[in-house]
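J.: See data.txt below, with compact mmCIF, C-alpha atoms.
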# COMPACT_ATOMS: atom_id res chain seq x y z
CA MET A 1 -12.79 27.72 7.29
CA ALA A 2 -11.79 24.51 9.04
CA PHE A 3 -14.70 22.71 7.40
CA LEU A 4 -13.74 23.93 3.95
CA TYR A 5 -10.11 22.99 4.51
CA ASN A 6 -10.90 19.44 5.63
CA PHE A 7 -13.48 19.06 2.87
CA SER A 8 -10.90 20.09 0.27
CA ILE A 9 -8.36 17.63 1.68
CA GLY A 10 -10.97 14.87 1.51
CA VAL A 11 -11.71 15.72 -2.13
CA ALA A 12 -7.99 15.81 -2.89
CA GLU A 13 -7.57 12.36 -1.35
CA LEU A 14 -10.47 11.00 -3.40
CA VAL A 15 -8.98 12.45 -6.58
CA TYR A 16 -5.56 11.07 -5.63
CA VAL A 17 -6.90 7.53 -5.31
CA PHE A 18 -9.10 7.51 -8.41
CA SER A 19 -6.77 9.45 -10.71
CA ILE A 20 -4.06 6.81 -10.81
CA VAL A 21 -6.52 4.01 -11.55
CA ILE A 22 -8.15 6.01 -14.34
CA ALA A 23 -4.72 6.99 -15.72
CA MET A 24 -3.54 3.37 -15.77
CA ASP A 25 -6.78 2.27 -17.41
CA PHE A 26 -6.26 4.93 -20.09
CA LEU A 27 -2.70 3.76 -20.77
CA MET A 28 -3.60 0.07 -20.78
CA VAL A 29 -6.45 0.51 -23.25
CA ARG A 30 -3.93 2.17 -25.56
CA LYS A 31 -1.38 -0.57 -24.82
CA ARG A 32 1.15 1.90 -23.44
CA VAL A 33 1.65 -0.12 -20.26
CA SER A 34 1.04 -3.74 -19.38
CA ARG A 35 -1.46 -4.83 -16.75
CA TRP A 36 1.41 -5.97 -14.50
CA THR A 37 3.16 -2.58 -14.77
CA ALA A 38 -0.08 -0.71 -14.13
CA ARG A 39 -0.74 -2.73 -10.98
CA LYS A 40 2.74 -2.02 -9.63
CA ILE A 41 2.46 1.70 -10.36
CA ILE A 42 -0.89 1.81 -8.55
CA HIS A 43 0.62 -0.12 -5.64
CA LEU A 44 3.49 2.33 -5.22
CA TRP A 45 1.32 5.39 -5.85
CA MET A 46 -0.89 4.49 -2.88
CA GLY A 47 2.06 5.22 -0.60
CA GLY A 48 1.24 8.89 -0.95
CA LEU A 49 -1.89 8.26 1.10
CA ILE A 50 0.33 8.19 4.18
CA PHE A 51 0.77 11.96 3.90
CA PHE A 52 -3.02 12.46 3.97
CA TRP A 53 -3.01 11.06 7.51
CA PHE A 54 -1.32 14.26 8.60
CA LEU A 55 -3.19 16.79 6.46
CA PHE A 56 -6.58 16.74 8.17
CA ASN A 57 -6.79 19.06 11.20
CA SER A 58 -10.16 17.95 12.54
CA GLN A 59 -10.86 15.90 15.66
CA TYR A 60 -12.49 13.52 13.19
CA ALA A 61 -9.36 13.27 11.04
CA ARG A 62 -9.37 9.49 11.21
CA GLU A 63 -12.92 9.25 9.94
CA LEU A 64 -12.38 11.92 7.27
CA PHE A 65 -9.37 10.00 5.94
CA ILE A 66 -11.36 6.78 5.64
CA ILE A 67 -14.39 8.19 3.78
CA PRO A 68 -12.66 8.51 0.36
CA LEU A 69 -11.28 4.97 0.74
CA ILE A 70 -14.74 3.61 1.49
CA ALA A 71 -15.99 5.40 -1.63
CA PHE A 72 -13.22 3.73 -3.65
CA ILE A 73 -14.14 0.29 -2.27
CA ALA A 74 -17.82 0.89 -3.06
CA VAL A 75 -17.04 1.75 -6.69
CA MET A 76 -14.85 -1.34 -6.97
CA LEU A 77 -17.44 -3.70 -5.52
CA TYR A 78 -20.58 -2.30 -7.14
CA PRO A 79 -20.22 -4.03 -10.55
CA LEU A 80 -19.17 -7.26 -8.83
CA LEU A 81 -22.26 -7.30 -6.66
CA ARG A 82 -24.49 -6.62 -9.65
CA LYS A 83 -22.92 -8.85 -12.30
CA GLY A 84 -20.50 -11.11 -10.45
CA LYS A 85 -17.50 -9.98 -12.45
CA ALA A 86 -15.33 -6.93 -12.86
CA SER A 87 -16.86 -5.50 -16.01
CA PHE A 88 -16.33 -1.90 -14.90
CA ARG A 89 -13.55 -0.34 -17.03
CA MET A 90 -11.63 0.93 -14.02
CA LEU A 91 -10.99 -2.69 -13.11
CA ASN A 92 -8.97 -3.44 -16.25
CA PHE A 93 -5.86 -3.67 -14.08
CA VAL A 94 -7.31 -6.70 -12.25
CA LYS A 95 -5.88 -10.00 -13.48
CA MET A 96 -9.07 -12.09 -13.53
CA GLU A 97 -12.60 -10.83 -13.95
CA ASN A 98 -13.93 -12.33 -10.75
CA ILE A 99 -14.43 -11.36 -7.15
CA TYR A 100 -11.47 -13.41 -5.86
CA GLU A 101 -8.88 -11.33 -7.70
CA VAL A 102 -10.50 -8.01 -6.79
CA VAL A 103 -11.01 -8.79 -3.11
CA TYR A 104 -7.65 -10.46 -2.50
CA GLY A 105 -5.72 -7.93 -4.54
CA PRO A 106 -6.35 -4.19 -4.58
CA LEU A 107 -9.22 -4.18 -2.09
CA ILE A 108 -7.21 -5.87 0.64
CA PHE A 109 -4.53 -3.26 0.04
CA ILE A 110 -7.03 -0.42 0.60
CA LEU A 111 -8.49 -2.20 3.60
CA ILE A 112 -5.01 -2.35 5.14
CA PHE A 113 -4.97 1.45 5.12
CA VAL A 114 -8.39 1.47 6.78
CA LEU A 115 -7.24 -1.05 9.41
CA PHE A 116 -4.09 0.86 10.33
CA THR A 117 -5.98 4.13 10.38
CA PHE A 118 -8.02 2.67 13.22
CA ILE A 119 -5.22 0.98 15.16
CA ALA A 120 -2.13 3.10 14.47
CA PHE A 121 -3.25 6.50 13.17
CA ARG A 122 -0.39 9.00 12.86
CA SER A 123 1.97 6.73 14.79
CA LEU A 124 5.56 5.84 13.95
CA ALA A 125 4.67 2.15 13.97
CA GLY A 126 1.74 2.73 11.64
CA VAL A 127 3.79 4.72 9.14
CA ALA A 128 6.55 2.10 9.18
CA ALA A 129 4.04 -0.70 8.59
CA LEU A 130 2.47 1.07 5.62
CA CYS A 131 5.88 1.96 4.15
CA ALA A 132 6.86 -1.71 4.27
CA VAL A 133 3.71 -2.97 2.54
CA VAL A 134 3.63 -0.17 -0.05
CA PHE A 135 7.26 0.31 -1.01
CA GLY A 136 8.91 -2.87 0.24
CA ASP A 137 6.25 -5.20 -1.10
CA GLY A 138 5.95 -3.06 -4.22
CA ALA A 139 9.68 -3.22 -4.94
CA ALA A 140 10.02 -6.97 -4.36
CA PRO A 141 8.48 -8.13 -7.67
CA LEU A 142 10.32 -5.39 -9.57
CA ALA A 143 13.68 -6.55 -8.20
CA GLY A 144 12.52 -10.13 -8.64
CA LYS A 145 12.38 -9.57 -12.39
CA PHE A 146 16.16 -9.86 -12.31
CA GLY A 147 16.10 -12.82 -9.95
CA HIS A 148 18.05 -16.02 -10.33
CA GLY A 149 18.10 -17.37 -6.79
CA PHE A 150 14.55 -18.65 -6.43
CA TYR A 151 12.81 -20.26 -3.45
CA MET A 152 9.25 -21.03 -2.32
CA LYS A 153 8.71 -23.22 -5.40
CA LYS A 154 10.22 -20.50 -7.61
CA ARG A 155 7.56 -17.97 -6.62
CA LYS A 156 10.05 -15.74 -4.78
CA SER A 157 13.64 -14.73 -5.40
CA VAL A 158 16.57 -13.66 -3.26
CA GLU A 159 16.87 -10.51 -5.39
CA GLY A 160 13.21 -9.73 -4.78
CA SER A 161 13.63 -10.11 -1.03
CA ALA A 162 16.72 -7.89 -1.14
CA GLY A 163 14.71 -5.30 -3.07
CA PHE A 164 12.02 -5.45 -0.41
CA PHE A 165 14.55 -4.91 2.37
CA ILE A 166 16.22 -1.91 0.71
CA ALA A 167 12.98 -0.21 -0.40
CA SER A 168 11.33 -0.78 2.97
CA LEU A 169 14.30 0.57 4.92
CA LEU A 170 14.74 3.65 2.72
CA SER A 171 11.02 4.48 2.72
CA ILE A 172 10.74 4.09 6.50
CA TYR A 173 13.72 6.41 6.91
CA ALA A 174 12.33 8.97 4.43
CA PHE A 175 8.77 9.05 5.75
CA THR A 176 9.67 9.07 9.44
CA SER A 177 12.24 11.81 8.84
CA ILE A 178 9.62 13.97 7.11
CA LEU A 179 6.62 13.21 9.33
CA PHE A 180 8.44 12.82 12.68
CA PRO A 181 11.39 15.25 12.57
CA GLY A 182 14.14 14.12 14.90
CA ALA A 183 12.47 10.80 15.64
CA PHE A 184 14.81 8.67 13.52
CA THR A 185 17.34 8.00 16.27
CA VAL A 186 19.96 5.27 16.35
CA ARG A 187 17.52 3.07 18.27
CA VAL A 188 14.75 3.65 15.73
CA SER A 189 17.15 3.03 12.85
CA ARG A 190 18.01 -0.35 14.31
CA PHE A 191 14.35 -1.22 14.55
CA ALA A 192 13.90 -0.07 10.95
CA VAL A 193 16.63 -2.49 9.82
CA LEU A 194 15.14 -5.33 11.89
CA ALA A 195 11.59 -4.61 10.74
CA SER A 196 12.63 -4.43 7.07
CA LEU A 197 14.52 -7.72 7.40
CA VAL A 198 11.60 -9.46 9.09
CA GLY A 199 9.22 -7.93 6.54
CA ALA A 200 11.32 -9.31 3.69
CA ILE A 201 11.26 -12.77 5.24
CA VAL A 202 7.52 -12.64 5.88
CA GLU A 203 6.85 -11.43 2.33
CA GLY A 204 8.96 -14.28 0.99
CA VAL A 205 7.18 -17.07 2.85
CA THR A 206 3.59 -15.78 2.77
CA PRO A 207 1.47 -17.53 0.13
CA GLY A 208 -0.67 -15.71 -2.41
CA ASN A 209 -1.71 -12.10 -1.90
CA PHE A 210 -1.84 -12.38 1.87
CA ASP A 211 1.54 -10.67 2.21
CA ASN A 212 -0.40 -7.41 1.97
CA LEU A 213 -1.73 -8.36 5.39
CA THR A 214 1.11 -10.26 7.04
CA VAL A 215 3.90 -7.80 6.16
CA PRO A 216 2.45 -4.64 7.75
CA ILE A 217 1.33 -6.55 10.84
CA ALA A 218 4.83 -8.00 11.32
CA VAL A 219 6.50 -4.60 10.90
CA PHE A 220 3.92 -2.91 13.13
CA LEU A 221 4.50 -5.39 15.96
CA ILE A 222 8.25 -4.86 15.82
CA PHE A 223 7.90 -1.07 15.94
CA LEU A 224 5.63 -1.30 18.95
CA LEU A 225 8.80 -2.13 20.89
CA VAL A 226 10.42 1.21 20.01
As a first step, turn the structure in this file into structure tokens.
T.:
Amino acid sequence: MAFLYNFSIGVAELVYVFSIVIAMDFLMVRKRVSRWTARKIIHLWMGGLIFFWFLFNSQYARELFIIPLIAFIAVMLYPLLRKGKASFRMLNFVKMENIYEVVYGPLIFILIFVLFTFIAFRSLAGVAALCAVVFGDGAAPLAGKFGHGFYMKKRKSVEGSAGFFIASLLSIYAFTSILFPGAFTVRVSRFAVLASLVGAIVEGVTPGNFDNLTVPIAVFLIFLLV
């Protein structure tokens, strides 16, 4: 029974990851959503993967969680390795049809989940780090759409950084309250505020797509002090 349970959770995780990409592809082909909107929806949707950390009940839970993500990466990279460009329809949400955009965009995001599964599996620091990069970093460009106070050569906005801070703080509070009942103490709440603030600053000054890497690492290091 344990095998069937963990197998079903693994299948559910695989479906969870692929379903949103296929759904966004479907909507983009029919011009119901823009590529930018589809990418942001996918970004935020991936936050649900955090819950899958806690669903497996095997001693190999870490490995079982990673397998569907590796499958996703393989499907993403396969057409690139064969043809050198993202001709596969599921990659319509990628900006440019080349390996740079795929690797430094969605794949790095998935690899962040793999990295933190190895170094911070089911930990408060790991959950906080992933909340920051998923919801904080995901909210920043949405809030930035209304931005007027720009910096970093007009690539970032004060409104976007504020959106990051609020979304990161609220998501850390929500996820830790659900996954670690009673753990969100006054001390932890202070670290959540500090981590969200530092994350917003790091997101604002990090060039290119590397904020998907620098933000969770910064938040993770702060929460290690809790």
J.: Provide the atom CA of A:Ser157 to atom CA of A:Ile108 distance in Å, to one decimal place.
T.: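 Interatomic distance here is 23.4 Å.
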J.: Identify which of the residues A:Val215, A:Ile119, A:Val33, A:Val198 lies closest to A:Val133, counting only C-alpha atoms when measuring atom-to-atom distances.
T.: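 Smallest separation from A:Val133 among the options: A:Val215.
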J.: How would you write as an mmCIF file with C-alpha atoms, keeping the file's coordinate frame the residues that get within 12 Å of (4.1, -3.6, 9.5) in the file's frame, counting all atoms listed in the file?
T.:
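What ended up in selection_25.cif:
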data_model
loop_
_atom_site.group_PDB
_atom_site.id
_atom_site.type_symbol
_atom_site.label_atom_id
_atom_site.label_comp_id
_atom_site.auth_asym_id
_atom_site.auth_seq_id
_atom_site.Cartn_x
_atom_site.Cartn_y
_atom_site.Cartn_z
ATOM 1 C CA ILE A 112 -5.010 -2.350 5.140
ATOM 2 C CA PHE A 113 -4.970 1.450 5.120
ATOM 3 C CA LEU A 115 -7.240 -1.050 9.410
ATOM 4 C CA PHE A 116 -4.090 0.860 10.330
ATOM 5 C CA ILE A 119 -5.220 0.980 15.160
ATOM 6 C CA ALA A 120 -2.130 3.100 14.470
ATOM 7 C CA SER A 123 1.970 6.730 14.790
ATOM 8 C CA LEU A 124 5.560 5.840 13.950
ATOM 9 C CA ALA A 125 4.670 2.150 13.970
ATOM 10 C CA GLY A 126 1.740 2.730 11.640
ATOM 11 C CA VAL A 127 3.790 4.720 9.140
ATOM 12 C CA ALA A 128 6.550 2.100 9.180
ATOM 13 C CA ALA A 129 4.040 -0.700 8.590
ATOM 14 C CA LEU A 130 2.470 1.070 5.620
ATOM 15 C CA CYS A 131 5.880 1.960 4.150
ATOM 16 C CA ALA A 132 6.860 -1.710 4.270
ATOM 17 C CA VAL A 133 3.710 -2.970 2.540
ATOM 18 C CA VAL A 134 3.630 -0.170 -0.050
ATOM 19 C CA PHE A 135 7.260 0.310 -1.010
ATOM 20 C CA GLY A 136 8.910 -2.870 0.240
ATOM 21 C CA ASP A 137 6.250 -5.200 -1.100
ATOM 22 C CA SER A 168 11.330 -0.780 2.970
ATOM 23 C CA LEU A 169 14.300 0.570 4.920
ATOM 24 C CA ILE A 172 10.740 4.090 6.500
ATOM 25 C CA PHE A 191 14.350 -1.220 14.550
ATOM 26 C CA ALA A 192 13.900 -0.070 10.950
ATOM 27 C CA LEU A 194 15.140 -5.330 11.890
ATOM 28 C CA ALA A 195 11.590 -4.610 10.740
ATOM 29 C CA SER A 196 12.630 -4.430 7.070
ATOM 30 C CA LEU A 197 14.520 -7.720 7.400
ATOM 31 C CA VAL A 198 11.600 -9.460 9.090
ATOM 32 C CA GLY A 199 9.220 -7.930 6.540
ATOM 33 C CA ALA A 200 11.320 -9.310 3.690
ATOM 34 C CA VAL A 202 7.520 -12.640 5.880
ATOM 35 C CA GLU A 203 6.850 -11.430 2.330
ATOM 36 C CA ASP A 211 1.540 -10.670 2.210
ATOM 37 C CA ASN A 212 -0.400 -7.410 1.970
ATOM 38 C CA LEU A 213 -1.730 -8.360 5.390
ATOM 39 C CA THR A 214 1.110 -10.260 7.040
ATOM 40 C CA VAL A 215 3.900 -7.800 6.160
ATOM 41 C CA PRO A 216 2.450 -4.640 7.750
ATOM 42 C CA ILE A 217 1.330 -6.550 10.840
ATOM 43 C CA ALA A 218 4.830 -8.000 11.320
ATOM 44 C CA VAL A 219 6.500 -4.600 10.900
ATOM 45 C CA PHE A 220 3.920 -2.910 13.130
ATOM 46 C CA LEU A 221 4.500 -5.390 15.960
ATOM 47 C CA ILE A 222 8.250 -4.860 15.820
ATOM 48 C CA PHE A 223 7.900 -1.070 15.940
ATOM 49 C CA LEU A 224 5.630 -1.300 18.950
#
J.: Compile the contact shell of stretch 179-185 of chain A as JSON, numbers by chain: residues with an atom at most 9 Å away, counting all atoms listed in the file, same-chain residues fewer than 5 positions apart removed.
T.: {"A": [51, 54, 122, 124, 127, 173, 174, 190]}
J.: In Å to one decimal, how far is atom CA of A:Ser58 from atom CA of A:Met1?
T.: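 Distance between the two atoms: 11.4 Å.
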J.: Tell me, as a PyMOL selection string, which residues lie within 8 Å of stretch 65-75 of chain A, counting all atoms listed in the file; anything in the same chain fewer than 4 positions away does not count.
T.: chain A and resi 10-11+13-14+17-18+52-53+56+61+79+107+110+114+117
J.: How many Å lie between atom CA of A:Ser171 and atom CA of A:Lys156, rounded to one decimal?
T.: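 Interatomic distance here is 21.6 Å.
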J.: To test the calculation: enclose all listed atoms of stretch 27-42 of chain A in a box whose edges run along x, y and z, add 4 Å on each side, then state centre and edge lengths in Å to one decimal, as lines of an AutoDock Vina configuration file.
T.:
center_x = -1.6
center_y = -1.1
center_z = -17.1
size_x = 17.6
size_y = 17.7
size_z = 25.0
J.: Out of A:Phe118, A:Trp45, A:Tyr60, A:Phe165, which residue has the shortest atom-to-atom distance to A:Ala23 when counting all atoms listed in the file?
T.: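 With all atoms listed in the file as the atom set, the closest residue is A:Trp45.
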J.: When distances are computed from all atoms listed in the file, which of A:Val193, A:Ile50, A:Ile42, A:Val188 shows the smallest separation from A:Phe175?
T.: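 Ranking A:Val193, A:Ile50, A:Ile42, A:Val188 by distance to A:Phe175, first place goes to A:Ile50.
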